[in-house]
file my_file_34.cif (mmCIF, C-alpha atoms and all ligand atoms)
data_run
#
loop_
_atom_site.group_PDB
_atom_site.id
_atom_site.type_symbol
_atom_site.label_atom_id
_atom_site.label_comp_id
_atom_site.auth_asym_id
_atom_site.auth_seq_id
_atom_site.Cartn_x
_atom_site.Cartn_y
_atom_site.Cartn_z
ATOM 1 C CA MET A 218 -3.733 19.619 -24.976
ATOM 2 C CA SER A 219 -0.572 18.013 -23.670
ATOM 3 C CA LEU A 220 -0.479 17.290 -19.970
ATOM 4 C CA GLU A 221 1.469 19.745 -17.866
ATOM 5 C CA ILE A 222 3.774 18.095 -15.385
ATOM 6 C CA TYR A 223 5.315 19.817 -12.380
ATOM 7 C CA LEU A 224 9.064 19.199 -12.427
ATOM 8 C CA ASN A 225 11.345 20.885 -9.901
ATOM 9 C CA GLY A 226 9.478 24.166 -9.697
ATOM 10 C CA ASP A 227 8.257 24.479 -13.310
ATOM 11 C CA TRP A 228 5.371 23.095 -15.301
ATOM 12 C CA VAL A 229 6.519 21.400 -18.474
ATOM 13 C CA ALA A 230 4.748 19.564 -21.284
ATOM 14 C CA LYS A 231 4.555 15.792 -20.833
ATOM 15 C CA GLU A 232 7.036 15.274 -23.715
ATOM 16 C CA ASN A 233 9.623 17.416 -21.924
ATOM 17 C CA ALA A 234 9.154 15.984 -18.453
ATOM 18 C CA LYS A 235 12.463 14.134 -18.218
ATOM 19 C CA VAL A 236 14.538 13.069 -15.239
ATOM 20 C CA SER A 237 18.252 12.238 -15.308
ATOM 21 C CA ILE A 238 19.442 8.627 -15.537
ATOM 22 C CA TRP A 239 21.750 9.588 -12.646
ATOM 23 C CA ASP A 240 18.760 10.210 -10.426
ATOM 24 C CA HIS A 241 18.926 7.846 -7.457
ATOM 25 C CA GLY A 242 15.179 7.320 -7.721
ATOM 26 C CA PHE A 243 15.916 5.575 -11.036
ATOM 27 C CA LEU A 244 19.209 3.953 -10.018
ATOM 28 C CA TYR A 245 18.186 2.684 -6.562
ATOM 29 C CA GLY A 246 14.513 3.352 -5.932
ATOM 30 C CA ASP A 247 15.765 5.969 -3.485
ATOM 31 C CA GLY A 248 12.773 8.201 -2.975
ATOM 32 C CA ILE A 249 9.161 8.345 -1.888
ATOM 33 C CA PHE A 250 5.773 8.965 -3.460
ATOM 34 C CA GLU A 251 2.058 9.475 -2.977
ATOM 35 C CA GLY A 252 -1.016 8.519 -4.979
ATOM 36 C CA ILE A 253 -3.933 10.901 -4.478
ATOM 37 C CA ARG A 254 -7.436 11.158 -6.015
ATOM 38 C CA VAL A 255 -9.506 14.062 -7.211
ATOM 39 C CA TYR A 256 -13.282 13.652 -7.037
ATOM 40 C CA GLY A 257 -15.606 16.276 -8.522
ATOM 41 C CA GLY A 258 -12.862 18.925 -8.572
ATOM 42 C CA ARG A 259 -11.834 18.318 -4.942
ATOM 43 C CA ILE A 260 -8.628 16.668 -3.799
ATOM 44 C CA PHE A 261 -9.529 13.945 -1.316
ATOM 45 C CA LYS A 262 -7.521 13.864 1.938
ATOM 46 C CA LEU A 263 -4.771 16.052 0.488
ATOM 47 C CA ASP A 264 -3.436 17.122 3.893
ATOM 48 C CA GLU A 265 -3.261 13.499 5.068
ATOM 49 C CA HIS A 266 -1.308 12.515 1.936
ATOM 50 C CA LEU A 267 1.090 15.427 2.410
ATOM 51 C CA GLU A 268 1.593 14.494 6.071
ATOM 52 C CA ARG A 269 2.474 10.954 5.008
ATOM 53 C CA LEU A 270 4.775 12.192 2.235
ATOM 54 C CA TYR A 271 6.763 14.361 4.616
ATOM 55 C CA ALA A 272 6.834 11.550 7.204
ATOM 56 C CA SER A 273 8.161 9.153 4.533
ATOM 57 C CA ALA A 274 10.807 11.762 3.634
ATOM 58 C CA LYS A 275 11.880 11.971 7.275
ATOM 59 C CA GLY A 276 11.943 8.190 7.418
ATOM 60 C CA ILE A 277 14.579 8.046 4.665
ATOM 61 C CA ASP A 278 16.374 11.232 5.808
ATOM 62 C CA LEU A 279 15.412 13.076 2.638
ATOM 63 C CA ALA A 280 15.138 16.846 2.730
ATOM 64 C CA ILE A 281 12.247 18.212 0.660
ATOM 65 C CA LEU A 282 13.180 21.779 -0.189
ATOM 66 C CA LEU A 283 9.548 22.737 -0.756
ATOM 67 C CA SER A 284 7.520 23.595 2.342
ATOM 68 C CA LYS A 285 4.338 21.598 2.911
ATOM 69 C CA GLY A 286 2.297 24.704 2.066
ATOM 70 C CA LYS A 287 4.125 25.268 -1.215
ATOM 71 C CA MET A 288 3.823 21.572 -2.084
ATOM 72 C CA LYS A 289 0.078 21.757 -1.458
ATOM 73 C CA GLU A 290 -0.266 24.796 -3.729
ATOM 74 C CA SER A 291 1.789 23.073 -6.427
ATOM 75 C CA VAL A 292 -0.403 19.948 -6.301
ATOM 76 C CA ILE A 293 -3.575 22.055 -6.612
ATOM 77 C CA GLU A 294 -2.039 24.113 -9.428
ATOM 78 C CA THR A 295 -1.045 20.968 -11.343
ATOM 79 C CA VAL A 296 -4.637 19.689 -11.292
ATOM 80 C CA ARG A 297 -5.944 23.141 -12.243
ATOM 81 C CA ARG A 298 -3.554 23.555 -15.180
ATOM 82 C CA ASN A 299 -4.687 20.227 -16.568
ATOM 83 C CA GLN A 300 -8.362 21.151 -16.037
ATOM 84 C CA LEU A 301 -9.131 17.882 -14.332
ATOM 85 C CA THR A 302 -12.104 17.111 -12.100
ATOM 86 C CA GLU A 303 -11.831 13.301 -11.774
ATOM 87 C CA ALA A 304 -8.151 12.471 -11.586
ATOM 88 C CA TYR A 305 -5.264 10.605 -10.091
ATOM 89 C CA ILE A 306 -2.256 12.546 -8.828
ATOM 90 C CA ARG A 307 1.189 10.985 -8.540
ATOM 91 C CA LEU A 308 3.576 12.953 -6.377
ATOM 92 C CA ILE A 309 7.189 11.751 -6.401
ATOM 93 C CA VAL A 310 10.211 13.002 -4.491
ATOM 94 C CA SER A 311 13.450 11.220 -5.305
ATOM 95 C CA ARG A 312 16.897 11.655 -3.792
ATOM 96 C CA GLY A 313 17.948 13.523 -6.943
ATOM 97 C CA THR A 314 20.884 13.379 -9.324
ATOM 98 C CA GLY A 315 24.068 11.839 -7.960
ATOM 99 C CA ASP A 316 26.739 9.459 -9.196
ATOM 100 C CA LEU A 317 26.781 5.675 -9.558
ATOM 101 C CA GLY A 318 27.421 5.060 -5.851
ATOM 102 C CA ILE A 319 24.545 4.749 -3.420
ATOM 103 C CA ASP A 320 25.852 7.556 -1.191
ATOM 104 C CA PRO A 321 22.876 9.926 -0.874
ATOM 105 C CA ARG A 322 25.192 12.822 0.001
ATOM 106 C CA LYS A 323 26.170 12.938 -3.679
ATOM 107 C CA CYS A 324 22.636 14.025 -4.536
ATOM 108 C CA ARG A 325 22.504 17.733 -3.834
ATOM 109 C CA GLU A 326 18.808 18.348 -4.459
ATOM 110 C CA SER A 327 15.790 16.103 -4.418
ATOM 111 C CA THR A 328 13.744 15.785 -7.609
ATOM 112 C CA VAL A 329 10.072 16.684 -7.248
ATOM 113 C CA VAL A 330 7.508 15.571 -9.826
ATOM 114 C CA ILE A 331 3.740 16.039 -9.718
ATOM 115 C CA MET A 332 1.636 14.343 -12.381
ATOM 116 C CA ALA A 333 -2.129 14.554 -12.634
ATOM 117 C CA ASP A 334 -4.046 12.618 -15.225
ATOM 118 C CA LYS A 335 -7.411 11.039 -15.862
ATOM 119 C CA ILE A 336 -7.864 8.052 -13.668
ATOM 120 C CA SER A 337 -8.315 4.516 -14.886
ATOM 121 C CA VAL A 338 -10.140 2.589 -12.196
ATOM 122 C CA TYR A 339 -11.421 -0.950 -11.832
ATOM 123 C CA PRO A 340 -14.579 -1.364 -13.920
ATOM 124 C CA GLU A 341 -17.803 -1.338 -11.856
ATOM 125 C CA GLU A 342 -18.126 -5.034 -12.709
ATOM 126 C CA THR A 343 -15.129 -5.735 -10.433
ATOM 127 C CA TYR A 344 -17.036 -4.358 -7.432
ATOM 128 C CA ARG A 345 -20.083 -6.486 -8.236
ATOM 129 C CA ARG A 346 -18.019 -9.603 -8.904
ATOM 130 C CA GLY A 347 -15.214 -9.230 -6.305
ATOM 131 C CA LEU A 348 -11.570 -10.288 -6.453
ATOM 132 C CA LYS A 349 -9.966 -13.713 -6.356
ATOM 133 C CA VAL A 350 -6.753 -13.493 -4.401
ATOM 134 C CA MET A 351 -3.950 -15.681 -3.135
ATOM 135 C CA ILE A 352 -1.666 -15.527 -0.156
ATOM 136 C CA ALA A 353 1.744 -14.807 -1.638
ATOM 137 C CA SER A 354 4.769 -16.847 -0.640
ATOM 138 C CA THR A 355 6.826 -13.643 -0.787
ATOM 139 C CA ARG A 356 6.703 -12.206 2.735
ATOM 140 C CA ARG A 357 6.302 -8.471 3.360
ATOM 141 C CA ASN A 358 9.528 -6.635 4.187
ATOM 142 C CA PRO A 359 10.130 -6.725 7.929
ATOM 143 C CA PRO A 360 9.748 -3.209 9.340
ATOM 144 C CA ASP A 361 13.259 -3.278 10.766
ATOM 145 C CA SER A 362 14.591 -3.776 7.196
ATOM 146 C CA LEU A 363 12.391 -1.374 5.257
ATOM 147 C CA ASN A 364 9.445 -0.021 7.186
ATOM 148 C CA GLY A 365 6.200 -0.413 5.241
ATOM 149 C CA ARG A 366 5.005 2.867 6.747
ATOM 150 C CA ILE A 367 7.492 4.571 4.435
ATOM 151 C CA LYS A 368 5.864 4.892 1.029
ATOM 152 C CA SER A 369 9.137 4.410 -0.781
ATOM 153 C CA LEU A 370 9.877 4.127 -4.488
ATOM 154 C CA ASN A 371 11.220 0.655 -3.778
ATOM 155 C CA TYR A 372 8.257 -1.641 -4.507
ATOM 156 C CA LEU A 373 10.153 -4.793 -5.484
ATOM 157 C CA ASN A 374 8.863 -6.669 -2.443
ATOM 158 C CA ASN A 375 5.270 -6.015 -3.526
ATOM 159 C CA ILE A 376 6.086 -6.595 -7.210
ATOM 160 C CA LEU A 377 7.443 -10.078 -6.428
ATOM 161 C CA ALA A 378 4.115 -10.934 -4.796
ATOM 162 C CA LYS A 379 2.303 -9.378 -7.765
ATOM 163 C CA ILE A 380 4.254 -11.617 -10.162
ATOM 164 C CA GLU A 381 3.176 -14.711 -8.196
ATOM 165 C CA GLN A 382 -0.442 -13.608 -8.447
ATOM 166 C CA ILE A 383 -0.228 -12.865 -12.177
ATOM 167 C CA LYS A 384 1.288 -16.300 -12.813
ATOM 168 C CA GLN A 385 -1.654 -17.878 -10.979
ATOM 169 C CA GLY A 386 -4.128 -15.896 -13.097
ATOM 170 C CA LEU A 387 -5.576 -14.182 -10.004
ATOM 171 C CA ASP A 388 -6.581 -10.598 -9.219
ATOM 172 C CA GLU A 389 -4.468 -9.744 -6.175
ATOM 173 C CA ALA A 390 -2.052 -11.161 -3.613
ATOM 174 C CA ILE A 391 -2.106 -10.736 0.137
ATOM 175 C CA MET A 392 1.208 -10.695 1.925
ATOM 176 C CA LEU A 393 2.095 -12.141 5.329
ATOM 177 C CA ASN A 394 4.961 -11.152 7.578
ATOM 178 C CA HIS A 395 7.620 -13.614 8.702
ATOM 179 C CA ASP A 396 5.453 -14.775 11.627
ATOM 180 C CA GLY A 397 2.579 -15.639 9.301
ATOM 181 C CA TYR A 398 0.394 -12.655 10.198
ATOM 182 C CA LEU A 399 -1.565 -10.898 7.456
ATOM 183 C CA VAL A 400 -0.022 -7.559 6.557
ATOM 184 C CA GLU A 401 -1.564 -6.098 3.381
ATOM 185 C CA GLY A 402 -2.181 -6.517 -0.334
ATOM 186 C CA THR A 403 0.443 -5.514 -2.894
ATOM 187 C CA VAL A 404 -1.048 -2.014 -3.165
ATOM 188 C CA GLU A 405 -3.928 -2.057 -0.693
ATOM 189 C CA ASN A 406 -4.629 -2.597 2.981
ATOM 190 C CA VAL A 407 -6.746 -5.553 3.998
ATOM 191 C CA PHE A 408 -9.834 -5.849 6.211
ATOM 192 C CA VAL A 409 -11.557 -8.982 7.511
ATOM 193 C CA VAL A 410 -15.230 -8.722 8.493
ATOM 194 C CA LYS A 411 -16.461 -10.829 11.431
ATOM 195 C CA GLY A 412 -20.013 -9.994 12.487
ATOM 196 C CA LYS A 413 -20.074 -6.251 13.175
ATOM 197 C CA LYS A 414 -16.300 -6.080 13.438
ATOM 198 C CA LEU A 415 -13.927 -4.727 10.817
ATOM 199 C CA LEU A 416 -10.518 -6.193 11.632
ATOM 200 C CA THR A 417 -7.330 -4.922 10.031
ATOM 201 C CA PRO A 418 -3.667 -5.701 10.738
ATOM 202 C CA PRO A 419 -1.733 -3.125 12.765
ATOM 203 C CA CYS A 420 0.756 -1.236 10.586
ATOM 204 C CA TYR A 421 3.691 -2.110 12.835
ATOM 205 C CA LEU A 422 3.633 -5.519 11.135
ATOM 206 C CA GLY A 423 4.915 -3.851 7.962
ATOM 207 C CA ALA A 424 1.873 -2.307 6.275
ATOM 208 C CA LEU A 425 1.448 1.167 4.888
ATOM 209 C CA GLU A 426 -0.709 3.466 7.018
ATOM 210 C CA GLY A 427 -3.271 3.692 4.242
ATOM 211 C CA ILE A 428 -5.334 6.849 4.002
ATOM 212 C CA THR A 429 -8.298 4.777 2.797
ATOM 213 C CA ARG A 430 -7.758 2.325 5.688
ATOM 214 C CA GLN A 431 -7.983 5.211 8.167
ATOM 215 C CA THR A 432 -11.039 6.611 6.391
ATOM 216 C CA VAL A 433 -12.778 3.232 6.754
ATOM 217 C CA ILE A 434 -11.854 3.095 10.452
ATOM 218 C CA ASP A 435 -13.354 6.594 10.856
ATOM 219 C CA LEU A 436 -16.531 5.651 8.936
ATOM 220 C CA ALA A 437 -17.175 2.440 10.908
ATOM 221 C CA PRO A 438 -19.209 3.900 13.836
ATOM 222 C CA GLN A 439 -21.728 5.629 11.558
ATOM 223 C CA LEU A 440 -22.341 2.259 9.899
ATOM 224 C CA GLY A 441 -22.876 0.553 13.266
ATOM 225 C CA LEU A 442 -19.544 -1.271 12.878
ATOM 226 C CA VAL A 443 -16.556 -1.559 15.189
ATOM 227 C CA ALA A 444 -13.149 -1.197 13.542
ATOM 228 C CA GLU A 445 -10.233 -2.753 15.363
ATOM 229 C CA GLU A 446 -6.624 -3.563 14.676
ATOM 230 C CA ALA A 447 -5.983 -7.279 15.139
ATOM 231 C CA LEU A 448 -3.317 -9.889 14.564
ATOM 232 C CA LEU A 449 -4.794 -12.087 11.834
ATOM 233 C CA ASN A 450 -3.455 -15.076 9.948
ATOM 234 C CA SER A 451 -4.525 -17.006 6.861
ATOM 235 C CA HIS A 452 -7.040 -18.997 8.937
ATOM 236 C CA ASP A 453 -8.853 -15.768 9.873
ATOM 237 C CA LEU A 454 -9.093 -14.977 6.187
ATOM 238 C CA TYR A 455 -10.443 -18.427 5.309
ATOM 239 C CA ILE A 456 -13.153 -18.239 8.000
ATOM 240 C CA ALA A 457 -13.991 -14.539 7.519
ATOM 241 C CA ASP A 458 -17.590 -13.497 6.865
ATOM 242 C CA GLU A 459 -16.232 -11.034 4.316
ATOM 243 C CA CYS A 460 -12.950 -9.540 3.239
ATOM 244 C CA PHE A 461 -12.119 -6.346 1.396
ATOM 245 C CA LEU A 462 -9.098 -4.350 0.287
ATOM 246 C CA THR A 463 -8.722 -0.592 0.581
ATOM 247 C CA GLY A 464 -6.635 1.880 -1.398
ATOM 248 C CA THR A 465 -6.775 5.250 -3.078
ATOM 249 C CA GLY A 466 -7.067 3.651 -6.507
ATOM 250 C CA ALA A 467 -9.193 0.626 -5.606
ATOM 251 C CA GLU A 468 -11.370 2.402 -2.995
ATOM 252 C CA ILE A 469 -13.100 -0.507 -1.212
ATOM 253 C CA VAL A 470 -12.973 -3.699 -3.226
ATOM 254 C CA PRO A 471 -14.561 -7.003 -2.154
ATOM 255 C CA VAL A 472 -12.529 -10.218 -2.003
ATOM 256 C CA ILE A 473 -14.613 -13.319 -2.781
ATOM 257 C CA GLU A 474 -11.976 -16.032 -2.898
ATOM 258 C CA VAL A 475 -8.669 -16.685 -1.118
ATOM 259 C CA ASP A 476 -6.425 -19.559 -2.252
ATOM 260 C CA GLY A 477 -9.352 -21.114 -4.113
ATOM 261 C CA ARG A 478 -11.639 -21.022 -1.047
ATOM 262 C CA GLY A 479 -14.789 -18.917 -1.105
ATOM 263 C CA VAL A 480 -14.854 -16.110 1.469
ATOM 264 C CA GLY A 481 -18.219 -16.164 3.315
ATOM 265 C CA ASP A 482 -20.771 -17.153 0.697
ATOM 266 C CA GLY A 483 -18.336 -16.373 -2.128
ATOM 267 C CA LYS A 484 -20.060 -13.114 -3.124
ATOM 268 C CA PRO A 485 -19.309 -9.475 -2.253
ATOM 269 C CA GLY A 486 -20.712 -9.082 1.256
ATOM 270 C CA LYS A 487 -23.312 -6.633 2.582
ATOM 271 C CA VAL A 488 -20.922 -4.989 5.031
ATOM 272 C CA THR A 489 -18.287 -4.475 2.323
ATOM 273 C CA LEU A 490 -20.829 -2.896 -0.006
ATOM 274 C CA ALA A 491 -22.113 -0.627 2.789
ATOM 275 C CA VAL A 492 -18.543 0.521 3.487
ATOM 276 C CA LEU A 493 -17.978 1.132 -0.238
ATOM 277 C CA GLU A 494 -21.160 3.206 -0.472
ATOM 278 C CA ALA A 495 -20.277 5.301 2.581
ATOM 279 C CA TYR A 496 -16.737 5.799 1.293
ATOM 280 C CA ARG A 497 -17.912 6.933 -2.132
ATOM 281 C CA ALA A 498 -20.429 9.315 -0.564
ATOM 282 C CA LEU A 499 -17.639 10.858 1.521
ATOM 283 C CA THR A 500 -15.369 11.335 -1.516
ATOM 284 C CA ARG A 501 -18.127 13.533 -2.988
ATOM 285 C CA GLN A 502 -18.577 15.564 0.211
ATOM 286 C CA ILE A 503 -15.133 16.636 1.317
ATOM 287 C CA GLY A 504 -11.774 17.584 -0.183
ATOM 288 C CA VAL A 505 -9.639 20.562 -1.060
ATOM 289 C CA PRO A 506 -11.329 22.483 -3.900
ATOM 290 C CA VAL A 507 -9.198 22.977 -7.006
ATOM 291 C CA TYR A 508 -11.549 25.549 -8.544
ATOM 292 C CA PRO A 509 -13.044 27.373 -5.536
ATOM 293 C CA LYS A 510 -14.519 30.332 -7.458
ATOM 294 C CA GLU A 511 -16.058 28.264 -10.238
ATOM 295 C CA GLN A 512 -17.438 25.812 -7.702
ATOM 296 C CA ALA A 513 -18.934 28.582 -5.594
ATOM 297 C CA LYS A 514 -20.654 29.951 -8.725
ATOM 298 C CA ALA A 515 -22.068 26.537 -9.550
ATOM 299 C CA VAL A 516 -23.727 26.222 -6.124
HETATM 300 N N1 LIG A 601 -0.423 -0.594 0.978
HETATM 301 C C1 LIG A 601 0.407 -0.368 -0.063
HETATM 302 C C2 LIG A 601 1.657 -1.171 -0.157
HETATM 303 C C3 LIG A 601 0.096 0.597 -1.036
HETATM 304 O O1 LIG A 601 0.923 0.819 -2.060
HETATM 305 C C4 LIG A 601 -1.113 1.321 -0.923
HETATM 306 C C5 LIG A 601 -1.472 2.342 -1.968
HETATM 307 N N2 LIG A 601 -0.955 3.596 -1.662
HETATM 308 C C6 LIG A 601 -1.945 1.063 0.182
HETATM 309 C C7 LIG A 601 -1.577 0.103 1.108
HETATM 310 C C8 LIG A 601 -3.214 1.836 0.383
HETATM 311 O O2 LIG A 601 -2.923 3.134 0.817
HETATM 312 P P1 LIG A 601 -3.884 4.371 0.506
HETATM 313 O O3 LIG A 601 -5.216 4.030 1.068
HETATM 314 O O4 LIG A 601 -3.256 5.511 1.216
HETATM 315 O O5 LIG A 601 -3.905 4.539 -0.969
#
call {"tool": "encode", "arguments": {"input": "my_file_34.cif", "output": "structure tokens", "more": "lines below"}}
Ligand code: PMP
result
Amino acid sequence: MSLEIYLNGDWVAKENAKVSIWDHGFLYGDGIFEGIRVYGGRIFKLDEHLERLYASAKGIDLAILLSKGKMKESVIETVRRNQLTEAYIRLIVSRGTGDLGIDPRKCRESTVVIMADKISVYPEETYRRGLKVMIASTRRNPPDSLNGRIKSLNYLNNILAKIEQIKQGLDEAIMLNHDGYLVEGTVENVFVVKGKKLLTPPCYLGALEGITRQTVIDLAPQLGLVAEEALLNSHDLYIADECFLTGTGAEIVPVIEVDGRGVGDGKPGKVTLAVLEAYRALTRQIGVPVYPKEQAKAV
């Protein structure tokens, strides 16, 4: 069965899901997106992702013609039509078709695409082994240039850091802001563990307000941990007990080495693994059901 993709109000076969080369998402990265996961037939934190999508749209003055309610239904329907239970959803809203100038007024209607497909995740081995990362020399966009809280289609800043990391043969890169404070990974938020504290940079430094980041902050008390926002620099990373990255795709992934220096004892830490376990348990407990009737029958 070919995947069915939502494209501007219709579901079309993957082969026919085509967007114009005049679309400003393609020409200028003018648009926004979300990455969402489905666990056991339930969409995890769907409302939070939709809130962030509509906030990103406001941030770039982009009108989404679909109401939040209709968007939610369309996301659920896309997963249902593709009969997926473990999946990754990519929701994209671009400025739409215009001309070769950047003027967004030339784009009459935004383009909305919803894709849902099987997810390819890090192998379990990665969680047991942990990641080797570097601090990128490419600094994160300053929020007064392009605010990192906007999940925009323009990822070149992160991609430049990613290229540095690939050239060094490493697993990820962590980005600083112009004052040398830690901001985030190329596609994840970052946490430093110090004793019972989970420290993460405040998003006003230029980081995305990650849904996984917030979930970890919410889970901390039940694990006997205290989550706090803190201004951190590379030194804090080098002397951390543990470090981990958070993201919808990666979940909670341990970092064992930064710039060739072992973090803690150079192995995935106990706190990180406890957070990962609690996070995974939660993904199986909550979420918006895609197949409510079938699921009710199964219970
Ligand atoms: N920062 C960036 C730059 C990202 O692209 C992502 C992935 N969406 C994250 C952080 C993590 O966000 P979330 O937990 O919402 O996936």
call {"tool": "resolve_selection", "arguments": {"input": "my_file_34.cif", "expression": "the PyMOL selection byres (((not hetatm)) within 6 of (chain A and resi 601))", "output": "VMD selection string"}}
result
chain A and resid 252 403 to 406 425 427 to 430 463 to 465
call {"tool": "resolve_selection", "arguments": {"input": "my_file_34.cif", "expression": "the PyMOL selection byres (((chain A and resi 285-297) around 10) and not hetatm)", "output": "PyMOL selection string"}}
result
chain A and resi 220-223+226-228+253+255+258-260+263-264+266-268+270-271+281-284+298-308+329-334+505-508
call {"tool": "write_last_selection", "arguments": {"input": "my_file_34.cif", "atoms": "C-alpha atoms", "output": "PDB file, keeping the file's coordinate frame"}}
result
ATOM      1  CA  LEU A 220      -0.479  17.290 -19.970  1.00  0.00           C
ATOM      2  CA  GLU A 221       1.469  19.745 -17.866  1.00  0.00           C
ATOM      3  CA  ILE A 222       3.774  18.095 -15.385  1.00  0.00           C
ATOM      4  CA  TYR A 223       5.315  19.817 -12.380  1.00  0.00           C
ATOM      5  CA  GLY A 226       9.478  24.166  -9.697  1.00  0.00           C
ATOM      6  CA  ASP A 227       8.257  24.479 -13.310  1.00  0.00           C
ATOM      7  CA  TRP A 228       5.371  23.095 -15.301  1.00  0.00           C
ATOM      8  CA  ILE A 253      -3.933  10.901  -4.478  1.00  0.00           C
ATOM      9  CA  VAL A 255      -9.506  14.062  -7.211  1.00  0.00           C
ATOM     10  CA  GLY A 258     -12.862  18.925  -8.572  1.00  0.00           C
ATOM     11  CA  ARG A 259     -11.834  18.318  -4.942  1.00  0.00           C
ATOM     12  CA  ILE A 260      -8.628  16.668  -3.799  1.00  0.00           C
ATOM     13  CA  LEU A 263      -4.771  16.052   0.488  1.00  0.00           C
ATOM     14  CA  ASP A 264      -3.436  17.122   3.893  1.00  0.00           C
ATOM     15  CA  HIS A 266      -1.308  12.515   1.936  1.00  0.00           C
ATOM     16  CA  LEU A 267       1.090  15.427   2.410  1.00  0.00           C
ATOM     17  CA  GLU A 268       1.593  14.494   6.071  1.00  0.00           C
ATOM     18  CA  LEU A 270       4.775  12.192   2.235  1.00  0.00           C
ATOM     19  CA  TYR A 271       6.763  14.361   4.616  1.00  0.00           C
ATOM     20  CA  ILE A 281      12.247  18.212   0.660  1.00  0.00           C
ATOM     21  CA  LEU A 282      13.180  21.779  -0.189  1.00  0.00           C
ATOM     22  CA  LEU A 283       9.548  22.737  -0.756  1.00  0.00           C
ATOM     23  CA  SER A 284       7.520  23.595   2.342  1.00  0.00           C
ATOM     24  CA  ARG A 298      -3.554  23.555 -15.180  1.00  0.00           C
ATOM     25  CA  ASN A 299      -4.687  20.227 -16.568  1.00  0.00           C
ATOM     26  CA  GLN A 300      -8.362  21.151 -16.037  1.00  0.00           C
ATOM     27  CA  LEU A 301      -9.131  17.882 -14.332  1.00  0.00           C
ATOM     28  CA  THR A 302     -12.104  17.111 -12.100  1.00  0.00           C
ATOM     29  CA  GLU A 303     -11.831  13.301 -11.774  1.00  0.00           C
ATOM     30  CA  ALA A 304      -8.151  12.471 -11.586  1.00  0.00           C
ATOM     31  CA  TYR A 305      -5.264  10.605 -10.091  1.00  0.00           C
ATOM     32  CA  ILE A 306      -2.256  12.546  -8.828  1.00  0.00           C
ATOM     33  CA  ARG A 307       1.189  10.985  -8.540  1.00  0.00           C
ATOM     34  CA  LEU A 308       3.576  12.953  -6.377  1.00  0.00           C
ATOM     35  CA  VAL A 329      10.072  16.684  -7.248  1.00  0.00           C
ATOM     36  CA  VAL A 330       7.508  15.571  -9.826  1.00  0.00           C
ATOM     37  CA  ILE A 331       3.740  16.039  -9.718  1.00  0.00           C
ATOM     38  CA  MET A 332       1.636  14.343 -12.381  1.00  0.00           C
ATOM     39  CA  ALA A 333      -2.129  14.554 -12.634  1.00  0.00           C
ATOM     40  CA  ASP A 334      -4.046  12.618 -15.225  1.00  0.00           C
ATOM     41  CA  VAL A 505      -9.639  20.562  -1.060  1.00  0.00           C
ATOM     42  CA  PRO A 506     -11.329  22.483  -3.900  1.00  0.00           C
ATOM     43  CA  VAL A 507      -9.198  22.977  -7.006  1.00  0.00           C
ATOM     44  CA  TYR A 508     -11.549  25.549  -8.544  1.00  0.00           C
TER      45      TYR A 508
END
call {"tool": "closest_residue", "arguments": {"input": "my_file_34.cif", "among": "A:Leu499, A:Val492, A:Ile434, A:Val470", "to": "A:Glu389", "atoms": "all atoms listed in the file"}}
result
A:Val470
call {"tool": "resolve_selection", "arguments": {"input": "my_file_34.cif", "expression": "the PyMOL selection byres (((chain A and resi 385) around 12) and not hetatm)", "output": "ChimeraX atom specification"}}
result
/A:349-353,378-384,386-390,476-477
call {"tool": "atom_distance", "arguments": {"input": "my_file_34.cif", "atom1": "atom CA of A:Phe408", "atom2": "atom CA of A:Gly504"}}
result
24.4 Å
call {"tool": "closest_residue", "arguments": {"input": "my_file_34.cif", "among": "A:Asn225, A:Ser327, A:Ser337, A:Thr432", "to": "A:Ser311", "atoms": "only C-alpha atoms"}}
result
A:Ser327
call {"tool": "atom_distance", "arguments": {"input": "my_file_34.cif", "atom1": "atom CA of A:Ser237", "atom2": "atom CA of A:Gly313"}}
result
8.5 Å
call {"tool": "closest_residue", "arguments": {"input": "my_file_34.cif", "among": "A:Pro360, A:Phe250, A:Arg366, A:Tyr256", "to": "A:Arg312", "atoms": "all atoms listed in the file"}}
result
A:Phe250
call {"tool": "closest_residue", "arguments": {"input": "my_file_34.cif", "among": "A:Ile249, A:Ile319, A:Ala457, A:Ile309", "to": "A:Gly365", "atoms": "all atoms listed in the file"}}
result
A:Ile249
call {"tool": "atom_distance", "arguments": {"input": "my_file_34.cif", "atom1": "atom CA of A:Ala444", "atom2": "atom CA of A:Pro419"}}
result
11.6 Å
call {"tool": "residues_near_point", "arguments": {"input": "my_file_34.cif", "point": "(10.8, 1.7, -5.0)", "cutoff": "12 Å", "atoms": "all atoms listed in the file", "output": "NGL selection string"}}
result
:A and (241-251 or 309-312 or 363 or 365 or 367-376)
call {"tool": "closest_residue", "arguments": {"input": "my_file_34.cif", "among": "A:Trp239, A:Phe261, A:Tyr455, A:Tyr496", "to": "A:Arg478", "atoms": "all atoms listed in the file"}}
result
A:Tyr455
call {"tool": "closest_residue", "arguments": {"input": "my_file_34.cif", "among": "A:Gly347, A:Glu445, A:Ser451, A:Pro438", "to": "A:Asn394", "atoms": "all atoms listed in the file"}}
result
A:Ser451
call {"tool": "residues_around", "arguments": {"input": "my_file_34.cif", "residues": "stretch 342-346 of chain A", "least_positions_apart": "6", "cutoff": "10 Å", "atoms": "all atoms listed in the file", "output": "PyMOL selection string"}}
result
chain A and resi 388+467-473+483-486+489-490+493
call {"tool": "axis_aligned_box", "arguments": {"input": "my_file_34.cif", "around": "stretch 458-466 of chain A", "padding_each_side": "3 Å", "output": "lines of an AutoDock Vina configuration file"}}
result
center_x = -12.1
center_y = -4.1
center_z = 0.2
size_x = 17.0
size_y = 24.7
size_z = 19.4
call {"tool": "residues_around", "arguments": {"input": "my_file_34.cif", "residues": "A:Arg356", "least_positions_apart": "6", "cutoff": "7 Å", "atoms": "only C-alpha atoms", "output": "tab-separated table (two decimals) with C-alpha atoms, keeping the file's coordinate frame"}}
result
chain	number	residue	atom	x	y	z
A	392	MET	CA	1.21	-10.70	1.92
A	393	LEU	CA	2.10	-12.14	5.33
A	394	ASN	CA	4.96	-11.15	7.58
A	395	HIS	CA	7.62	-13.61	8.70
